[in-house]
$ cat input_31.cif   # mmCIF, C-alpha atoms
data_final
loop_
_atom_site.group_PDB
_atom_site.id
_atom_site.type_symbol
_atom_site.label_atom_id
_atom_site.label_comp_id
_atom_site.auth_asym_id
_atom_site.auth_seq_id
_atom_site.Cartn_x
_atom_site.Cartn_y
_atom_site.Cartn_z
ATOM 1 C CA THR A 281 14.411 -7.206 24.641
ATOM 2 C CA GLN A 282 18.191 -7.554 24.862
ATOM 3 C CA PRO A 283 19.943 -4.156 25.182
ATOM 4 C CA ASP A 284 22.897 -5.340 23.067
ATOM 5 C CA PHE A 285 20.550 -6.254 20.218
ATOM 6 C CA LEU A 286 18.856 -2.862 20.421
ATOM 7 C CA ALA A 287 22.242 -1.155 20.330
ATOM 8 C CA SER A 288 23.016 -3.044 17.112
ATOM 9 C CA LEU A 289 19.713 -1.962 15.571
ATOM 10 C CA LYS A 290 20.365 1.642 16.564
ATOM 11 C CA SER A 291 23.868 1.528 15.054
ATOM 12 C CA ILE A 292 22.554 0.478 11.630
ATOM 13 C CA GLY A 293 19.883 3.177 11.470
ATOM 14 C CA PHE A 294 16.744 1.999 13.239
ATOM 15 C CA ASN A 295 15.130 4.935 15.005
ATOM 16 C CA VAL A 296 11.534 3.912 15.675
ATOM 17 C CA ALA A 297 9.762 0.627 16.443
ATOM 18 C CA THR A 298 6.170 -0.418 16.992
ATOM 19 C CA ILE A 299 5.350 -2.380 20.129
ATOM 20 C CA ALA A 300 1.715 -2.828 19.061
ATOM 21 C CA ASN A 301 1.631 -6.582 18.490
ATOM 22 C CA ASN A 302 0.593 -9.894 20.014
ATOM 23 C CA HIS A 303 4.024 -10.781 21.409
ATOM 24 C CA THR A 304 4.752 -7.663 23.447
ATOM 25 C CA TYR A 305 3.108 -9.333 26.448
ATOM 26 C CA ASP A 306 4.713 -12.768 26.052
ATOM 27 C CA TYR A 307 6.457 -12.158 29.396
ATOM 28 C CA GLY A 308 3.602 -10.274 31.007
ATOM 29 C CA ASN A 309 3.530 -6.755 32.346
ATOM 30 C CA GLU A 310 7.073 -6.958 33.697
ATOM 31 C CA GLY A 311 8.429 -7.965 30.309
ATOM 32 C CA PHE A 312 6.481 -5.192 28.601
ATOM 33 C CA LEU A 313 7.859 -2.541 30.952
ATOM 34 C CA ASP A 314 11.343 -3.985 30.516
ATOM 35 C CA THR A 315 10.999 -3.611 26.738
ATOM 36 C CA ILE A 316 9.995 0.036 27.101
ATOM 37 C CA ARG A 317 12.917 0.764 29.449
ATOM 38 C CA ASN A 318 15.415 -0.866 27.113
ATOM 39 C CA LEU A 319 14.074 0.988 24.078
ATOM 40 C CA ASP A 320 14.382 4.267 25.979
ATOM 41 C CA LYS A 321 17.970 3.459 26.990
ATOM 42 C CA SER A 322 18.903 2.529 23.426
ATOM 43 C CA GLY A 323 17.517 5.745 21.958
ATOM 44 C CA ILE A 324 14.989 3.937 19.742
ATOM 45 C CA ALA A 325 11.580 5.598 19.863
ATOM 46 C CA TYR A 326 8.475 3.413 20.043
ATOM 47 C CA VAL A 327 4.817 3.721 19.114
ATOM 48 C CA GLY A 328 1.736 1.590 19.707
ATOM 49 C CA GLY A 329 2.092 1.193 23.457
ATOM 50 C CA GLY A 330 3.185 2.854 26.650
ATOM 51 C CA LEU A 331 2.710 3.363 30.354
ATOM 52 C CA ASN A 332 -0.922 4.383 29.801
ATOM 53 C CA SER A 333 -3.436 4.813 26.981
ATOM 54 C CA ASP A 334 -2.641 8.512 26.466
ATOM 55 C CA ILE A 335 0.969 7.623 25.666
ATOM 56 C CA ALA A 336 0.077 4.496 23.683
ATOM 57 C CA TYR A 337 -2.203 6.345 21.253
ATOM 58 C CA LYS A 338 -0.137 9.534 21.018
ATOM 59 C CA GLY A 339 2.497 8.243 18.598
ATOM 60 C CA ARG A 340 5.648 10.119 17.599
ATOM 61 C CA VAL A 341 6.402 12.978 15.211
ATOM 62 C CA PHE A 342 9.702 13.251 13.322
ATOM 63 C CA THR A 343 10.639 16.278 11.217
ATOM 64 C CA VAL A 344 12.608 15.266 8.128
ATOM 65 C CA LYS A 345 13.714 17.990 5.717
ATOM 66 C CA GLY A 346 10.915 20.233 6.941
ATOM 67 C CA ILE A 347 8.152 17.625 6.685
ATOM 68 C CA ARG A 348 6.519 16.519 9.936
ATOM 69 C CA ILE A 349 5.973 12.746 9.792
ATOM 70 C CA GLY A 350 3.601 11.367 12.405
ATOM 71 C CA ILE A 351 3.768 7.663 13.235
ATOM 72 C CA LEU A 352 1.115 5.627 15.062
ATOM 73 C CA GLY A 353 0.986 1.929 15.936
ATOM 74 C CA PHE A 354 -2.298 -0.020 16.122
ATOM 75 C CA ALA A 355 -2.625 -3.670 17.170
ATOM 76 C CA LYS A 356 -5.639 -5.488 15.788
ATOM 77 C CA VAL A 357 -3.869 -8.688 16.812
ATOM 78 C CA ASN A 358 -2.888 -8.304 20.454
ATOM 79 C CA SER A 359 -2.399 -10.391 23.591
ATOM 80 C CA GLY A 360 -5.924 -10.003 24.942
ATOM 81 C CA PRO A 361 -7.718 -7.517 27.225
ATOM 82 C CA ALA A 362 -4.986 -7.458 29.888
ATOM 83 C CA SER A 363 -2.467 -6.226 27.310
ATOM 84 C CA ILE A 364 -4.510 -3.190 26.240
ATOM 85 C CA ALA A 365 -3.439 0.148 27.702
ATOM 86 C CA ALA A 366 -5.885 2.054 29.897
ATOM 87 C CA LYS A 367 -5.805 5.409 31.697
ATOM 88 C CA ASN A 368 -3.837 3.966 34.599
ATOM 89 C CA ARG A 369 -2.491 0.764 33.056
ATOM 90 C CA PRO A 370 0.385 0.109 30.659
ATOM 91 C CA GLY A 371 -0.165 -1.801 27.456
ATOM 92 C CA THR A 372 -0.599 -1.584 23.709
ATOM 93 C CA THR A 373 -3.160 0.109 21.514
ATOM 94 C CA ASN A 374 -6.312 -1.714 20.444
ATOM 95 C CA GLY A 375 -6.849 -1.527 16.690
ATOM 96 C CA TYR A 376 -10.452 -2.652 17.119
ATOM 97 C CA ASP A 377 -11.279 0.441 19.189
ATOM 98 C CA VAL A 378 -12.672 2.692 16.468
ATOM 99 C CA ALA A 379 -13.084 5.707 18.739
ATOM 100 C CA ALA A 380 -9.549 5.495 20.121
ATOM 101 C CA THR A 381 -7.831 4.905 16.779
ATOM 102 C CA THR A 382 -9.699 7.596 14.871
ATOM 103 C CA HIS A 383 -9.196 10.070 17.719
ATOM 104 C CA ALA A 384 -5.454 9.293 17.615
ATOM 105 C CA ILE A 385 -5.368 9.989 13.866
ATOM 106 C CA ASP A 386 -7.377 13.205 14.274
ATOM 107 C CA ALA A 387 -4.955 14.396 16.974
ATOM 108 C CA MET A 388 -1.901 13.439 14.912
ATOM 109 C CA LYS A 389 -3.272 15.322 11.909
ATOM 110 C CA LYS A 390 -3.010 18.570 13.906
ATOM 111 C CA VAL A 391 0.732 18.209 14.474
ATOM 112 C CA SER A 392 2.018 16.434 11.354
ATOM 113 C CA ASP A 393 2.038 16.734 7.573
ATOM 114 C CA VAL A 394 2.099 13.012 6.725
ATOM 115 C CA ILE A 395 0.670 10.228 8.900
ATOM 116 C CA ILE A 396 2.060 6.684 8.885
ATOM 117 C CA ILE A 397 0.226 3.865 10.664
ATOM 118 C CA LEU A 398 2.039 0.648 11.558
ATOM 119 C CA ALA A 399 -0.750 -1.930 11.786
ATOM 120 C CA HIS A 400 -0.482 -5.396 13.304
ATOM 121 C CA TRP A 401 -3.382 -7.231 11.696
ATOM 122 C CA GLY A 402 -4.468 -9.940 9.271
ATOM 123 C CA GLU A 403 -4.824 -13.709 9.207
ATOM 124 C CA GLU A 404 -1.565 -15.520 9.848
ATOM 125 C CA GLY A 405 -0.310 -17.387 6.785
ATOM 126 C CA SER A 406 -2.698 -15.677 4.374
ATOM 127 C CA PHE A 407 -1.665 -13.914 1.178
ATOM 128 C CA CYS A 408 -4.547 -11.456 0.820
ATOM 129 C CA PRO A 409 -6.076 -8.937 3.209
ATOM 130 C CA ARG A 410 -9.512 -9.699 4.589
ATOM 131 C CA ALA A 411 -12.470 -7.345 4.463
ATOM 132 C CA ALA A 412 -11.736 -6.394 8.088
ATOM 133 C CA GLU A 413 -8.314 -5.007 7.189
ATOM 134 C CA GLU A 414 -9.658 -3.237 4.097
ATOM 135 C CA VAL A 415 -12.421 -1.599 6.145
ATOM 136 C CA SER A 416 -9.944 -0.392 8.769
ATOM 137 C CA ALA A 417 -7.601 0.946 6.084
ATOM 138 C CA LYS A 418 -10.415 2.946 4.457
ATOM 139 C CA GLN A 419 -11.554 4.253 7.824
ATOM 140 C CA TRP A 420 -8.085 5.344 8.917
ATOM 141 C CA ILE A 421 -7.385 6.939 5.532
ATOM 142 C CA SER A 422 -10.682 8.827 5.689
ATOM 143 C CA HIS A 423 -9.484 10.379 8.956
ATOM 144 C CA GLY A 424 -6.142 11.423 7.496
ATOM 145 C CA ALA A 425 -3.731 8.490 7.371
ATOM 146 C CA ASP A 426 -1.434 8.654 4.334
ATOM 147 C CA ILE A 427 0.599 5.446 4.642
ATOM 148 C CA ILE A 428 -0.330 2.148 6.320
ATOM 149 C CA VAL A 429 2.246 -0.622 6.694
ATOM 150 C CA GLY A 430 1.046 -3.953 8.050
ATOM 151 C CA SER A 431 2.546 -6.956 9.781
ATOM 152 C CA HIS A 432 1.553 -10.233 11.514
ATOM 153 C CA THR A 433 0.677 -12.616 8.666
ATOM 154 C CA HIS A 434 4.356 -13.671 8.146
ATOM 155 C CA THR A 435 3.711 -13.417 4.404
ATOM 156 C CA LEU A 436 3.840 -10.738 1.750
ATOM 157 C CA GLN A 437 0.442 -9.280 0.892
ATOM 158 C CA PRO A 438 -0.674 -6.788 -1.774
ATOM 159 C CA ILE A 439 0.150 -3.100 -1.850
ATOM 160 C CA THR A 440 -2.445 -0.567 -2.936
ATOM 161 C CA TYR A 441 -1.717 2.983 -4.026
ATOM 162 C CA ALA A 442 -4.442 5.439 -4.984
ATOM 163 C CA GLU A 443 -4.919 9.181 -4.608
ATOM 164 C CA ASN A 444 -1.523 9.531 -2.916
ATOM 165 C CA LYS A 445 -2.459 6.983 -0.225
ATOM 166 C CA LEU A 446 -0.319 3.869 0.241
ATOM 167 C CA VAL A 447 -1.348 0.645 1.990
ATOM 168 C CA ALA A 448 1.113 -2.254 2.291
ATOM 169 C CA TYR A 449 -1.052 -4.892 3.956
ATOM 170 C CA SER A 450 1.784 -7.135 5.141
ATOM 171 C CA MET A 451 5.539 -7.005 4.675
ATOM 172 C CA GLY A 452 6.229 -10.621 5.593
ATOM 173 C CA ASN A 453 9.281 -11.453 7.727
ATOM 174 C CA PHE A 454 12.666 -9.837 7.691
ATOM 175 C CA ILE A 455 14.148 -11.981 10.467
ATOM 176 C CA PHE A 456 12.237 -15.164 11.369
ATOM 177 C CA TYR A 457 12.924 -18.799 12.231
ATOM 178 C CA SER A 458 10.631 -20.483 9.690
ATOM 179 C CA SER A 459 12.184 -22.436 6.814
ATOM 180 C CA ALA A 460 8.993 -22.286 4.716
ATOM 181 C CA ILE A 461 9.569 -20.422 1.456
ATOM 182 C CA GLU A 462 6.451 -18.292 1.904
ATOM 183 C CA ASN A 463 7.846 -17.075 5.230
ATOM 184 C CA ARG A 464 11.269 -16.301 3.774
ATOM 185 C CA ARG A 465 10.092 -14.215 0.839
ATOM 186 C CA THR A 466 10.150 -10.614 1.959
ATOM 187 C CA ALA A 467 11.150 -7.121 0.894
ATOM 188 C CA ILE A 468 12.105 -3.702 2.147
ATOM 189 C CA LEU A 469 9.497 -1.077 1.362
ATOM 190 C CA LYS A 470 11.262 2.142 0.403
ATOM 191 C CA ILE A 471 9.019 5.188 0.567
ATOM 192 C CA LYS A 472 9.782 8.693 -0.685
ATOM 193 C CA ILE A 473 7.834 11.767 0.357
ATOM 194 C CA SER A 474 8.420 14.828 -1.808
ATOM 195 C CA PRO A 475 8.459 18.433 -0.509
ATOM 196 C CA THR A 476 4.893 18.683 -1.804
ATOM 197 C CA LYS A 477 3.984 15.539 0.194
ATOM 198 C CA ARG A 478 3.757 13.365 -2.908
ATOM 199 C CA ILE A 479 4.248 9.724 -1.906
ATOM 200 C CA SER A 480 6.110 7.225 -4.072
ATOM 201 C CA TYR A 481 7.533 3.803 -3.276
ATOM 202 C CA ARG A 482 9.453 0.801 -4.485
ATOM 203 C CA MET A 483 9.996 -2.716 -3.165
ATOM 204 C CA GLN A 484 13.478 -4.166 -2.721
ATOM 205 C CA PRO A 485 13.021 -7.973 -2.721
ATOM 206 C CA PHE A 486 14.837 -10.289 -0.315
ATOM 207 C CA GLU A 487 14.691 -14.020 0.267
#
$ encode --input "input_31.cif" --output "C-alpha cells"
Amino acid sequence: TQPDFLASLKSIGFNVATIANNHTYDYGNEGFLDTIRNLDKSGIAYVGGGLNSDIAYKGRVFTVKGIRIGILGFAKVNSGPASIAAKNRPGTTNGYDVAATTHAIDAMKKVSDVIIILAHWGEEGSFCPRAAEEVSAKQWISHGADIIVGSHTHTLQPITYAENKLVAYSMGNFIFYSSAIENRRTAILKIKISPTKRISYRMQPFE
C-alpha cells in the first residue's frame, strides 16, 4: 500500500478500511505487515485483520453524535490457510469460522449501539447472492449485526432491508481496471442512523 495514496484517501474523508479480503496477502506476510504499518501511519483505522487473531476479530468502535458504531471485517474469500490470523500469527479473519465470527459480534454488541460488518464474500461476476451468503447474513444478524456491506463479486448485487436490518450483498467496484460495463456500474451506499438507531439508506449511482 503506497503511503501517498493513503494520505490522499485520508484527506478526502476515509477513516476506516477493511483488510479482510483475498488480496491482502498478494505479497505475503511482509506485504501484509507493510499494509498495516502504512495504514497506522496514515491515520486510517482498519478492521478484518491484524497482528494476531484477537486484534483481527476485535474490530473498531467509533462514536458519532453519541451513537457507538462498531465495525467488523470478515473474509469468506481469503488467501488460504496461511493468511488467516491465529493467536501468534498475523493475518485476516476467516468468515467461515462460525465460532470466531459470532463471538466477535457478541463481544462487539457489548460495546456498541449499532454493528456494521464489512463482508468479503460471494461468487465473482455473479449478480445475486448465493445461499451461503444469505445463511451467513441471517446468522450474523441473529447475533446482533445491524448492517452488512459486501464486496468481492465486482458487480452490484441486491440490497435487503427488513426489521431495521440492512444487507447490501455487493457494492461492485468503485475503482477497478475492467472495461466491462457490469464491472463499471457501481454506487455509493449512503446510510443514516437516527438518534433512536433507526437505519435508512439510499444509493447514489455511478458508472
$ closest_residue --input "input_31.cif" --among "A:Gly353, A:Gly329, A:Gly360, A:Gly323" --to "Gly430 of chain A" --atoms "all atoms listed in the file"
A:Gly353
$ resolve_selection --input "input_31.cif" --expression "the PyMOL selection byres ((chain A and resi 480) around 10)" --output "PyMOL selection string"
chain A and resi 441+444-446+470-474+477-479+481-482
$ write_last_selection --input "input_31.cif" --atoms "C-alpha atoms" --output "compact mmCIF listing (two decimals), in the frame of the given file"
# COMPACT_ATOMS: atom_id res chain seq x y z
CA TYR A 441 -1.72 2.98 -4.03
CA ASN A 444 -1.52 9.53 -2.92
CA LYS A 445 -2.46 6.98 -0.22
CA LEU A 446 -0.32 3.87 0.24
CA LYS A 470 11.26 2.14 0.40
CA ILE A 471 9.02 5.19 0.57
CA LYS A 472 9.78 8.69 -0.68
CA ILE A 473 7.83 11.77 0.36
CA SER A 474 8.42 14.83 -1.81
CA LYS A 477 3.98 15.54 0.19
CA ARG A 478 3.76 13.36 -2.91
CA ILE A 479 4.25 9.72 -1.91
CA TYR A 481 7.53 3.80 -3.28
CA ARG A 482 9.45 0.80 -4.49
$ residues_around --input "input_31.cif" --residues "Ala425 of chain A" --least-positions-apart "5" --cutoff "9 Å" --atoms "only C-alpha atoms" --output "PDB file with C-alpha atoms, keeping the file's coordinate frame"
ATOM      1  CA  ILE A 385      -5.368   9.989  13.866  1.00  0.00           C
ATOM      2  CA  LYS A 389      -3.272  15.322  11.909  1.00  0.00           C
ATOM      3  CA  VAL A 394       2.099  13.012   6.725  1.00  0.00           C
ATOM      4  CA  ILE A 395       0.670  10.228   8.900  1.00  0.00           C
ATOM      5  CA  ILE A 396       2.060   6.684   8.885  1.00  0.00           C
ATOM      6  CA  ILE A 397       0.226   3.865  10.664  1.00  0.00           C
ATOM      7  CA  ALA A 417      -7.601   0.946   6.084  1.00  0.00           C
ATOM      8  CA  GLN A 419     -11.554   4.253   7.824  1.00  0.00           C
ATOM      9  CA  TRP A 420      -8.085   5.344   8.917  1.00  0.00           C
ATOM     10  CA  LYS A 445      -2.459   6.983  -0.225  1.00  0.00           C
TER      11      LYS A 445
END
$ atom_distance --input "input_31.cif" --atom1 "atom CA of Val429 of chain A" --atom2 "atom CA of Val391 of chain A"
20.4 Å
$ resolve_selection --input "input_31.cif" --expression "the PyMOL selection byres ((chain A and resi 287) around 10)" --output "ChimeraX atom specification"
/A:282-286,288-292,294,318-319,321-324
$ closest_residue --input "input_31.cif" --among "A:His423, A:Glu413, A:Asp314, A:Thr476" --to "Ala448 of chain A" --atoms "all atoms listed in the file"
A:Glu413
$ resolve_selection --input "input_31.cif" --expression "the PyMOL selection byres ((chain A and resi 404) around 8)" --output "number ranges by chain"
A: 402-403, 405-406, 432-435
$ residues_around --input "input_31.cif" --residues "Ala365 of chain A" --least-positions-apart "3" --cutoff "8 Å" --atoms "only C-alpha atoms" --output "VMD selection string"
chain A and resid 329 to 333 336 368 to 373
$ closest_residue --input "input_31.cif" --among "A:Leu436, A:Ala384, A:Val447, A:Ile349" --to "Pro485 of chain A" --atoms "all atoms listed in the file"
A:Leu436
$ atom_distance --input "input_31.cif" --atom1 "atom CA of Thr304 of chain A" --atom2 "atom CA of Ser359 of chain A"
7.7 Å
$ residues_near_point --input "input_31.cif" --point "(-7.5, -9.0, 22.1)" --cutoff "12 Å" --atoms "only C-alpha atoms" --output "count of residues only"
26
$ atom_distance --input "input_31.cif" --atom1 "atom CA of Ser392 of chain A" --atom2 "atom CA of Ala379 of chain A"
19.9 Å
$ axis_aligned_box --input "input_31.cif" --around "segment 376-385 of chain A" --padding-each-side "4 Å" --output "JSON"
{"center_x": -9.2, "center_y": 3.7, "center_z": 17.0, "size_x": 15.7, "size_y": 20.7, "size_z": 14.3}
$ residues_around --input "input_31.cif" --residues "Arg348 of chain A" --least-positions-apart "4" --cutoff "7 Å" --atoms "all atoms listed in the file" --output "list in words"
Val341, Phe342, Thr343, Val344, Ser392, Asp393 and Val394 of chain A
$ write_last_selection --input "input_31.cif" --atoms "C-alpha atoms" --output "compact mmCIF listing (two decimals), keeping the file's coordinate frame"
# COMPACT_ATOMS: atom_id res chain seq x y z
CA VAL A 341 6.40 12.98 15.21
CA PHE A 342 9.70 13.25 13.32
CA THR A 343 10.64 16.28 11.22
CA VAL A 344 12.61 15.27 8.13
CA SER A 392 2.02 16.43 11.35
CA ASP A 393 2.04 16.73 7.57
CA VAL A 394 2.10 13.01 6.72
